[in-house]
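To be precise, the following lines are coords07.cif, and they hold mmCIF, C-alpha atoms and all ligand atoms.
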data_target
#
loop_
_atom_site.group_PDB
_atom_site.id
_atom_site.type_symbol
_atom_site.label_atom_id
_atom_site.label_comp_id
_atom_site.auth_asym_id
_atom_site.auth_seq_id
_atom_site.Cartn_x
_atom_site.Cartn_y
_atom_site.Cartn_z
ATOM 1 C CA MET C 1 162.410 230.019 -86.219
ATOM 2 C CA THR C 2 165.850 229.266 -84.805
ATOM 3 C CA VAL C 3 166.041 229.783 -81.026
ATOM 4 C CA LEU C 4 169.614 228.662 -80.564
ATOM 5 C CA SER C 5 172.483 228.601 -83.017
ATOM 6 C CA ILE C 6 175.939 227.433 -81.943
ATOM 7 C CA LYS C 7 178.888 227.540 -84.315
ATOM 8 C CA GLY C 8 182.424 226.262 -83.755
ATOM 9 C CA LEU C 9 182.107 226.541 -79.991
ATOM 10 C CA SER C 10 185.185 225.493 -78.012
ATOM 11 C CA LYS C 11 185.911 225.807 -74.313
ATOM 12 C CA VAL C 12 189.203 225.116 -72.596
ATOM 13 C CA TYR C 13 189.636 224.851 -68.824
ATOM 14 C CA GLY C 14 193.015 225.111 -67.145
ATOM 15 C CA GLN C 15 196.420 225.757 -68.674
ATOM 16 C CA GLY C 16 199.458 223.787 -69.831
ATOM 17 C CA GLN C 17 199.470 220.283 -68.430
ATOM 18 C CA ASN C 18 196.133 220.828 -66.736
ATOM 19 C CA GLU C 19 194.422 221.915 -69.924
ATOM 20 C CA VAL C 20 191.069 220.246 -70.591
ATOM 21 C CA LYS C 21 189.218 220.824 -73.840
ATOM 22 C CA ALA C 22 185.719 220.604 -72.381
ATOM 23 C CA LEU C 23 184.064 221.574 -75.690
ATOM 24 C CA ASN C 24 185.621 221.031 -79.096
ATOM 25 C CA HIS C 25 184.011 222.764 -82.085
ATOM 26 C CA ILE C 26 180.365 222.221 -81.226
ATOM 27 C CA GLU C 27 177.769 222.941 -83.930
ATOM 28 C CA LEU C 28 174.129 222.901 -82.882
ATOM 29 C CA LYS C 29 170.917 224.503 -84.096
ATOM 30 C CA VAL C 30 167.643 224.280 -82.192
ATOM 31 C CA LYS C 31 164.324 225.477 -83.592
ATOM 32 C CA LYS C 32 161.344 226.811 -81.660
ATOM 33 C CA GLY C 33 159.315 224.010 -80.106
ATOM 34 C CA GLU C 34 162.070 221.453 -80.528
ATOM 35 C CA PHE C 35 163.030 219.113 -77.729
ATOM 36 C CA VAL C 36 166.683 218.054 -77.838
ATOM 37 C CA ALA C 37 168.168 215.480 -75.465
ATOM 38 C CA ILE C 38 171.911 215.427 -74.830
ATOM 39 C CA MET C 39 173.576 212.202 -73.763
ATOM 40 C CA GLY C 40 177.202 211.367 -73.032
ATOM 41 C CA THR C 41 179.499 209.947 -70.370
ATOM 42 C CA SER C 42 180.422 211.895 -67.308
ATOM 43 C CA GLY C 43 182.982 214.537 -68.288
ATOM 44 C CA SER C 44 181.977 214.673 -71.965
ATOM 45 C CA GLY C 45 181.035 218.359 -71.719
ATOM 46 C CA LYS C 46 177.252 218.314 -71.314
ATOM 47 C CA SER C 47 177.045 220.677 -68.352
ATOM 48 C CA THR C 48 179.731 222.899 -69.837
ATOM 49 C CA LEU C 49 177.606 223.231 -72.971
ATOM 50 C CA LEU C 50 174.534 224.253 -70.944
ATOM 51 C CA ASN C 51 176.664 226.709 -68.941
ATOM 52 C CA MET C 52 177.948 228.314 -72.138
ATOM 53 C CA ILE C 53 174.440 228.610 -73.604
ATOM 54 C CA SER C 54 173.195 230.374 -70.488
ATOM 55 C CA GLY C 55 176.245 232.609 -70.288
ATOM 56 C CA LEU C 56 177.332 231.262 -66.898
ATOM 57 C CA ASP C 57 180.884 230.954 -68.137
ATOM 58 C CA SER C 58 182.880 232.592 -70.921
ATOM 59 C CA PHE C 59 184.228 230.903 -74.030
ATOM 60 C CA GLU C 60 187.189 231.655 -76.244
ATOM 61 C CA GLU C 61 186.180 230.365 -79.624
ATOM 62 C CA GLY C 62 182.964 230.154 -81.605
ATOM 63 C CA GLU C 63 179.573 231.790 -81.554
ATOM 64 C CA ILE C 64 176.341 231.410 -79.620
ATOM 65 C CA LEU C 65 173.186 233.118 -80.837
ATOM 66 C CA LEU C 66 170.300 232.900 -78.384
ATOM 67 C CA SER C 67 167.104 234.097 -80.052
ATOM 68 C CA GLY C 68 169.229 236.250 -82.316
ATOM 69 C CA GLU C 69 171.415 237.738 -79.574
ATOM 70 C CA ASN C 70 175.125 237.110 -79.963
ATOM 71 C CA ILE C 71 176.199 236.563 -76.348
ATOM 72 C CA LYS C 72 179.960 236.309 -76.859
ATOM 73 C CA ASP C 73 180.902 239.783 -75.756
ATOM 74 C CA TYR C 74 178.042 240.372 -73.337
ATOM 75 C CA SER C 75 178.850 241.902 -69.977
ATOM 76 C CA ASP C 76 177.799 240.136 -66.763
ATOM 77 C CA TYR C 77 174.899 242.552 -66.533
ATOM 78 C CA GLU C 78 173.647 241.709 -70.027
ATOM 79 C CA LEU C 79 174.084 237.985 -69.416
ATOM 80 C CA THR C 80 172.089 238.203 -66.186
ATOM 81 C CA ARG C 81 169.278 239.933 -68.057
ATOM 82 C CA LEU C 82 169.435 237.356 -70.840
ATOM 83 C CA ARG C 83 169.209 234.471 -68.344
ATOM 84 C CA ARG C 84 166.306 236.073 -66.533
ATOM 85 C CA GLU C 85 164.334 236.906 -69.662
ATOM 86 C CA LYS C 86 165.150 234.107 -72.053
ATOM 87 C CA VAL C 87 166.234 230.990 -70.178
ATOM 88 C CA GLY C 88 164.409 228.723 -67.729
ATOM 89 C CA PHE C 89 166.401 226.208 -65.677
ATOM 90 C CA ILE C 90 165.468 222.832 -64.257
ATOM 91 C CA PHE C 91 168.056 221.094 -62.030
ATOM 92 C CA GLN C 92 168.584 217.568 -60.762
ATOM 93 C CA PHE C 93 168.055 218.545 -57.120
ATOM 94 C CA PHE C 94 165.219 221.010 -57.795
ATOM 95 C CA HIS C 95 166.900 223.974 -56.006
ATOM 96 C CA LEU C 96 163.680 225.187 -54.427
ATOM 97 C CA ILE C 97 163.739 227.629 -51.520
ATOM 98 C CA PRO C 98 162.561 225.592 -48.495
ATOM 99 C CA VAL C 99 160.982 228.473 -46.558
ATOM 100 C CA LEU C 100 158.834 229.537 -49.513
ATOM 101 C CA SER C 101 155.549 227.936 -50.598
ATOM 102 C CA ALA C 102 155.089 226.364 -54.030
ATOM 103 C CA ILE C 103 153.593 229.524 -55.514
ATOM 104 C CA GLU C 104 156.216 231.761 -53.883
ATOM 105 C CA ASN C 105 158.956 229.598 -55.403
ATOM 106 C CA VAL C 106 157.330 229.851 -58.825
ATOM 107 C CA THR C 107 156.890 233.641 -58.709
ATOM 108 C CA LEU C 108 160.420 234.320 -57.414
ATOM 109 C CA PRO C 109 162.148 234.697 -60.819
ATOM 110 C CA ALA C 110 159.443 237.185 -61.856
ATOM 111 C CA MET C 111 160.137 239.482 -58.879
ATOM 112 C CA PHE C 112 162.865 241.190 -60.845
ATOM 113 C CA THR C 113 160.802 241.826 -63.964
ATOM 114 C CA SER C 114 158.382 244.623 -64.697
ATOM 115 C CA VAL C 115 155.330 242.351 -64.978
ATOM 116 C CA ASN C 116 152.731 243.359 -62.399
ATOM 117 C CA LYS C 117 152.250 241.304 -59.253
ATOM 118 C CA GLY C 118 148.653 240.253 -59.862
ATOM 119 C CA GLU C 119 149.461 239.006 -63.324
ATOM 120 C CA VAL C 120 152.478 237.038 -62.081
ATOM 121 C CA GLN C 121 150.383 235.514 -59.296
ATOM 122 C CA LYS C 122 147.737 234.395 -61.777
ATOM 123 C CA LYS C 123 150.312 232.987 -64.182
ATOM 124 C CA ALA C 124 152.025 231.055 -61.361
ATOM 125 C CA HIS C 125 148.690 229.608 -60.298
ATOM 126 C CA ASP C 126 147.894 228.586 -63.894
ATOM 127 C CA LEU C 127 151.301 226.951 -64.300
ATOM 128 C CA LEU C 128 150.978 225.050 -61.027
ATOM 129 C CA ARG C 129 147.570 223.818 -62.163
ATOM 130 C CA LEU C 130 149.043 222.801 -65.504
ATOM 131 C CA VAL C 131 151.679 220.634 -63.795
ATOM 132 C CA GLY C 132 148.997 219.108 -61.561
ATOM 133 C CA LEU C 133 149.720 221.006 -58.353
ATOM 134 C CA GLY C 134 146.663 223.248 -58.279
ATOM 135 C CA SER C 135 145.752 222.146 -54.746
ATOM 136 C CA PHE C 136 149.282 222.475 -53.352
ATOM 137 C CA ILE C 137 150.072 226.101 -54.143
ATOM 138 C CA HIS C 138 150.559 227.040 -50.486
ATOM 139 C CA SER C 139 152.531 223.915 -49.557
ATOM 140 C CA LYS C 140 156.204 224.139 -48.656
ATOM 141 C CA PRO C 141 158.551 221.867 -50.643
ATOM 142 C CA ASN C 142 159.380 219.624 -47.654
ATOM 143 C CA VAL C 143 155.830 218.282 -47.389
ATOM 144 C CA LEU C 144 155.817 217.363 -51.084
ATOM 145 C CA SER C 145 157.303 214.356 -52.914
ATOM 146 C CA GLY C 146 160.366 214.611 -55.173
ATOM 147 C CA GLY C 147 158.141 214.468 -58.244
ATOM 148 C CA GLN C 148 155.935 217.254 -56.928
ATOM 149 C CA GLN C 149 158.972 219.373 -56.089
ATOM 150 C CA GLN C 150 160.327 218.915 -59.605
ATOM 151 C CA ARG C 151 156.942 219.972 -60.997
ATOM 152 C CA ILE C 152 157.202 223.203 -58.984
ATOM 153 C CA ALA C 153 160.634 223.661 -60.554
ATOM 154 C CA ILE C 154 159.138 223.198 -64.031
ATOM 155 C CA ALA C 155 156.505 225.852 -63.296
ATOM 156 C CA ARG C 156 159.234 228.157 -61.965
ATOM 157 C CA ALA C 157 161.306 227.630 -65.126
ATOM 158 C CA LEU C 158 158.332 228.800 -67.204
ATOM 159 C CA ILE C 159 157.177 231.842 -65.229
ATOM 160 C CA ASN C 160 159.113 234.370 -67.323
ATOM 161 C CA GLU C 161 158.051 232.690 -70.585
ATOM 162 C CA PRO C 162 161.608 231.796 -71.578
ATOM 163 C CA GLU C 163 162.690 231.212 -75.169
ATOM 164 C CA LEU C 164 164.654 228.187 -74.037
ATOM 165 C CA ILE C 165 164.430 225.716 -71.156
ATOM 166 C CA LEU C 166 167.652 224.049 -70.042
ATOM 167 C CA ALA C 167 167.420 220.941 -67.887
ATOM 168 C CA ASP C 168 170.501 219.185 -66.477
ATOM 169 C CA GLU C 169 169.562 215.629 -65.434
ATOM 170 C CA PRO C 170 166.087 216.712 -64.255
ATOM 171 C CA THR C 171 165.010 213.126 -63.575
ATOM 172 C CA GLY C 172 168.355 212.101 -62.043
ATOM 173 C CA SER C 173 166.978 211.953 -58.517
ATOM 174 C CA LEU C 174 163.512 210.581 -59.347
ATOM 175 C CA ASP C 175 162.249 207.004 -59.573
ATOM 176 C CA SER C 176 161.262 205.653 -62.993
ATOM 177 C CA LYS C 177 157.513 206.125 -62.571
ATOM 178 C CA THR C 178 157.932 209.751 -61.451
ATOM 179 C CA SER C 179 160.442 210.329 -64.271
ATOM 180 C CA LYS C 180 157.813 209.228 -66.758
ATOM 181 C CA GLU C 181 155.234 211.662 -65.326
ATOM 182 C CA MET C 182 157.822 214.425 -65.518
ATOM 183 C CA MET C 183 158.727 213.616 -69.097
ATOM 184 C CA ASN C 184 155.066 213.548 -70.124
ATOM 185 C CA ILE C 185 154.675 217.055 -68.717
ATOM 186 C CA LEU C 186 157.827 218.327 -70.442
ATOM 187 C CA GLN C 187 156.865 216.699 -73.732
ATOM 188 C CA GLN C 188 153.438 218.318 -73.528
ATOM 189 C CA PHE C 189 155.034 221.715 -72.926
ATOM 190 C CA SER C 190 157.224 221.177 -75.957
ATOM 191 C CA SER C 191 154.766 219.665 -78.444
ATOM 192 C CA GLU C 192 151.569 221.534 -77.526
ATOM 193 C CA LEU C 193 152.823 224.803 -76.076
ATOM 194 C CA ARG C 194 155.881 224.994 -78.370
ATOM 195 C CA HIS C 195 158.409 225.506 -75.602
ATOM 196 C CA THR C 196 161.980 224.788 -76.670
ATOM 197 C CA LEU C 197 163.866 222.364 -74.486
ATOM 198 C CA ILE C 198 167.422 221.099 -74.154
ATOM 199 C CA LEU C 199 167.698 218.302 -71.640
ATOM 200 C CA VAL C 200 170.765 216.400 -70.450
ATOM 201 C CA THR C 201 170.182 212.812 -69.390
ATOM 202 C CA HIS C 202 171.905 209.446 -68.930
ATOM 203 C CA ASP C 203 168.643 207.612 -69.346
ATOM 204 C CA ALA C 204 167.552 206.270 -72.756
ATOM 205 C CA ASN C 205 163.934 206.193 -71.519
ATOM 206 C CA VAL C 206 164.089 209.918 -70.804
ATOM 207 C CA ALA C 207 165.880 210.727 -74.076
ATOM 208 C CA SER C 208 163.203 208.835 -76.033
ATOM 209 C CA TYR C 209 160.753 211.708 -75.414
ATOM 210 C CA ALA C 210 162.940 214.097 -77.436
ATOM 211 C CA ASN C 211 162.686 215.013 -81.136
ATOM 212 C CA ARG C 212 166.431 214.664 -81.445
ATOM 213 C CA VAL C 213 169.188 213.066 -79.398
ATOM 214 C CA VAL C 214 172.708 214.495 -79.484
ATOM 215 C CA PHE C 215 175.483 212.189 -78.274
ATOM 216 C CA MET C 216 178.572 213.858 -76.820
ATOM 217 C CA TYR C 217 181.984 212.314 -76.440
ATOM 218 C CA ASP C 218 185.130 214.084 -75.304
ATOM 219 C CA GLY C 219 183.755 217.566 -75.875
ATOM 220 C CA LYS C 220 182.512 216.746 -79.358
ATOM 221 C CA ILE C 221 179.159 215.842 -80.842
ATOM 222 C CA ALA C 222 179.809 212.223 -81.760
ATOM 223 C CA ASP C 223 176.438 211.501 -83.318
ATOM 224 C CA THR C 224 172.867 212.749 -83.667
ATOM 225 C CA LEU C 225 169.654 210.782 -83.828
ATOM 226 C CA ASP C 226 166.522 212.330 -85.316
ATOM 227 C CA LEU C 227 163.428 210.828 -83.711
ATOM 228 C CA SER C 228 160.761 213.129 -85.130
ATOM 229 C CA ASN C 229 158.941 211.498 -88.032
ATOM 230 C CA SER C 230 160.986 208.354 -87.366
ATOM 231 C CA GLY C 231 157.828 206.283 -87.208
ATOM 232 C CA LEU C 232 159.248 204.449 -84.186
ATOM 233 C CA ASP C 233 157.133 203.724 -81.115
ATOM 234 C CA SER C 234 158.549 204.591 -77.713
ATOM 235 C CA GLN C 235 159.964 201.112 -77.022
ATOM 236 C CA GLU C 236 161.753 201.113 -80.377
ATOM 237 C CA LYS C 237 163.119 204.608 -79.717
ATOM 238 C CA ILE C 238 164.510 203.462 -76.374
ATOM 239 C CA ARG C 239 166.173 200.481 -78.060
ATOM 240 C CA VAL C 240 167.710 202.600 -80.831
ATOM 241 C CA ILE C 241 169.053 205.147 -78.323
ATOM 242 C CA ALA C 242 170.431 202.430 -76.052
ATOM 243 C CA SER C 243 172.218 200.770 -78.957
ATOM 244 C CA LYS C 244 173.777 204.110 -80.000
ATOM 245 C CA VAL C 245 175.003 204.588 -76.445
ATOM 246 C CA GLU C 246 176.498 201.093 -76.615
ATOM 247 C CA VAL C 247 178.160 201.596 -80.013
ATOM 248 C CA LEU C 248 179.614 204.967 -79.003
ATOM 249 C CA SER C 249 180.627 203.522 -75.584
ATOM 250 C CA LEU C 250 179.059 206.453 -73.784
HETATM 251 P P1 LIG Z 301 179.503 216.424 -68.017
HETATM 252 O O1 LIG Z 301 178.451 217.375 -67.602
HETATM 253 O O2 LIG Z 301 179.284 215.828 -69.378
HETATM 254 O O3 LIG Z 301 179.741 215.353 -66.998
HETATM 255 P P2 LIG Z 301 181.300 218.668 -67.725
HETATM 256 O O4 LIG Z 301 180.809 219.612 -68.729
HETATM 257 O O5 LIG Z 301 180.953 218.915 -66.309
HETATM 258 O O6 LIG Z 301 180.911 217.181 -68.158
HETATM 259 O O7 LIG Z 301 182.892 218.602 -67.809
HETATM 260 C C1 LIG Z 301 183.616 218.485 -69.034
HETATM 261 C C2 LIG Z 301 185.121 218.516 -68.734
HETATM 262 O O8 LIG Z 301 185.493 219.823 -68.325
HETATM 263 C C3 LIG Z 301 185.540 217.590 -67.606
HETATM 264 O O9 LIG Z 301 186.812 217.071 -67.918
HETATM 265 C C4 LIG Z 301 185.606 218.492 -66.412
HETATM 266 O O10 LIG Z 301 186.508 218.025 -65.474
HETATM 267 C C5 LIG Z 301 186.045 219.804 -67.021
HETATM 268 N N1 LIG Z 301 185.509 220.974 -66.285
HETATM 269 C C6 LIG Z 301 184.207 221.327 -66.184
HETATM 270 N N2 LIG Z 301 184.065 222.470 -65.481
HETATM 271 C C7 LIG Z 301 185.314 222.837 -65.112
HETATM 272 C C8 LIG Z 301 185.856 223.940 -64.358
HETATM 273 N N3 LIG Z 301 185.057 224.912 -63.856
HETATM 274 N N4 LIG Z 301 187.187 223.997 -64.190
HETATM 275 C C9 LIG Z 301 188.008 223.039 -64.713
HETATM 276 N N5 LIG Z 301 187.569 221.990 -65.436
HETATM 277 C C10 LIG Z 301 186.252 221.885 -65.625
HETATM 278 MG MG MG Z 302 177.169 217.355 -65.878
#
Mind turning the file's structure into structure tokens?
Amino acid sequence: MTVLSIKGLSKVYGQGQNEVKALNHIELKVKKGEFVAIMGTSGSGKSTLLNMISGLDSFEEGEILLSGENIKDYSDYELTRLRREKVGFIFQFFHLIPVLSAIENVTLPAMFTSVNKGEVQKKAHDLLRLVGLGSFIHSKPNVLSGGQQQRIAIARALINEPELILADEPTGSLDSKTSKEMMNILQQFSSELRHTLILVTHDANVASYANRVVFMYDGKIADTLDLSNSGLDSQEKIRVIASKVEVLSL
């Protein structure tokens, strides 16, 4: 089943001399349970692409189908609903609410849905257990480590059972050991629980967990690397990705 289908997507910022083609005819299809990593230099359009997919900004040209819904002409109201129901976000700096406990942070996105409170509470508890925070559900973010805070953010991204999880540099502010723990959790969510994930990263180690790596350059998809059924072990994957980055001068 196709979760995301992007055809001929272009996005221009500014006008005249200030015009920047942030996205230039992007084609991308992502199936349920797939884990796609996006790499590319700063300014190559990675965040713009995620913003378009989640309807945070409009686009002039092309088509985005998110679980069958064509979002091009959606109103702000429809886009807000789509984001709430179908997309989970994970950010570089976690974006947790400091005055709320772990479980309150996780349940927050479900406050605006019709799911009943008890059910949401139970689901949040289950998710926090799944990410290894079962004994920290009442802790506030500031007493937890960066890795633990990002795990709360993962649980929060999943509370509304989204069709698609979007992560923009989710390991960008974590050390390498914590990044690995995070990636193991995300990979497990993708391979065992069939969550669909698009993750932006600069780090070949992080990208090596994906089924597919998409390399962006100047608003275009410059290359794609299929890692599923590649037969490569993780060290070999990291080497292949790093050499692509080198060749493409990303
Ligand atoms: P990346 O995430 O790969 O670093 P971005 O998607 O943030 O790149 O940016 C792609 C290009 O679009 C850059 O040249 C950037 O300056 C430009 N850009 C992004 N957002 C805006 C905006 N809101 N207004 C004007 N230009 C923007
Ligand atoms: Mg960015």
Can you write out as JSON lines which residues of chain C fall within 6 Å of ligand LIG 301 (chain Z), alongside each residue's closest atom pair and its distance in Å to one decimal, counting only C-alpha atoms and all ligand atoms and ordering rows by chain and ascending residue number?
{"residue": "C:Tyr13", "atom": "CA", "partner": "Z:LIG301", "partner_atom": "C9", "distance": 4.8}
{"residue": "C:Gly14", "atom": "CA", "partner": "Z:LIG301", "partner_atom": "C9", "distance": 5.9}
{"residue": "C:Val20", "atom": "CA", "partner": "Z:LIG301", "partner_atom": "O9", "distance": 5.9}
{"residue": "C:Ala22", "atom": "CA", "partner": "Z:LIG301", "partner_atom": "O8", "distance": 4.1}
{"residue": "C:Thr41", "atom": "CA", "partner": "Z:LIG301", "partner_atom": "O2", "distance": 6.0}
{"residue": "C:Ser42", "atom": "CA", "partner": "Z:LIG301", "partner_atom": "O3", "distance": 3.5}
{"residue": "C:Gly43", "atom": "CA", "partner": "Z:LIG301", "partner_atom": "O6", "distance": 3.4}
{"residue": "C:Ser44", "atom": "CA", "partner": "Z:LIG301", "partner_atom": "O2", "distance": 3.9}
{"residue": "C:Gly45", "atom": "CA", "partner": "Z:LIG301", "partner_atom": "O4", "distance": 3.2}
{"residue": "C:Lys46", "atom": "CA", "partner": "Z:LIG301", "partner_atom": "O2", "distance": 3.7}
{"residue": "C:Ser47", "atom": "CA", "partner": "Z:LIG301", "partner_atom": "O1", "distance": 3.7}
{"residue": "C:Thr48", "atom": "CA", "partner": "Z:LIG301", "partner_atom": "O4", "distance": 3.6}
Item to complete: Tell me, as a PyMOL selection string, which residues lie within 12 Å of segment 237-247 of chain C, counting all atoms listed in the file; anything in the same chain fewer than 5 positions away does not count.
Response: chain C and resi 37-41+201-217+222-232
Practice prompt. Starting from the shown file, work through the PyMOL selection byres (((chain C and resi 67) around 7) and not hetatm) and note down what comes out as a list in words.
Written response: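 Here the PyMOL selection byres (((chain C and resi 67) around 7) and not hetatm) matches Thr2, Val3, Leu4, Leu65, Leu66, Gly68 and Glu69 of chain C.
Residue nearest ligand MG 302 (chain Z) within the list C:Val99, C:Val200, C:Leu128, C:Val106: C:Val200 [criterion: smallest interatomic distance, only C-alpha atoms and all ligand atoms].
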Item to complete: Counting only C-alpha atoms and all ligand atoms, figure out which residue out of C:Ser101, C:Gln187, C:Asn51, C:Asn160 gets nearest to ligand MG 302 (chain Z).
Response: C:Asn51
Worksheet item: For this file, the PyMOL selection byres (((chain C and resi 138-143) around 8) and not hetatm) selects which residues, as a PyMOL selection string?
Response: chain C and resi 96-103+136-137+144-145+149
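As for atom CA of Ser58 of chain C and atom CA of Gly16 of chain C, they are spaced 18.8 Å apart.
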Worksheet item: What do you get, as a VMD selection string, if you spell out every residue that the PyMOL selection byres (((chain C and resi 147) around 8) and not hetatm) selects here?
Response: chain C and resid 145 to 146 148 to 151 174 178 to 179 182
Fill in: atom CA of Ser234 of chain C to atom CA of Leu50 of chain C, distance in Å rounded to a single decimal
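These two atoms are separated by 26.2 Å.
Distance-wise, atom CA of Glu60 of chain C and atom CA of Lys72 of chain C end up 8.6 Å apart.
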Discussion item. Could you list, as a PyMOL selection string, every residue within 9 Å of Val30 of chain C, counting only C-alpha atoms and ignoring same-chain residues fewer than 6 positions away?
Written reply: chain C and resi 1-6+36+196-198
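Among the candidates C:Leu186, C:Ile53, C:Ala167, C:Ala153, the one nearest to Lys86 of chain C when counting all atoms listed in the file is C:Ile53.
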Worksheet item: Taking into account all atoms listed in the file, which residue in the set C:Ile71, C:Leu49, C:Val120, C:Leu130 is nearest to ligand MG 302 (chain Z)?
Response: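 Among the listed residues, C:Leu49 lies closest to ligand MG 302 (chain Z).
Distance check against Phe94 of chain C using all atoms listed in the file: of C:Met183, C:Leu164, C:Ile154, C:Met52, the minimum falls on C:Ile154.
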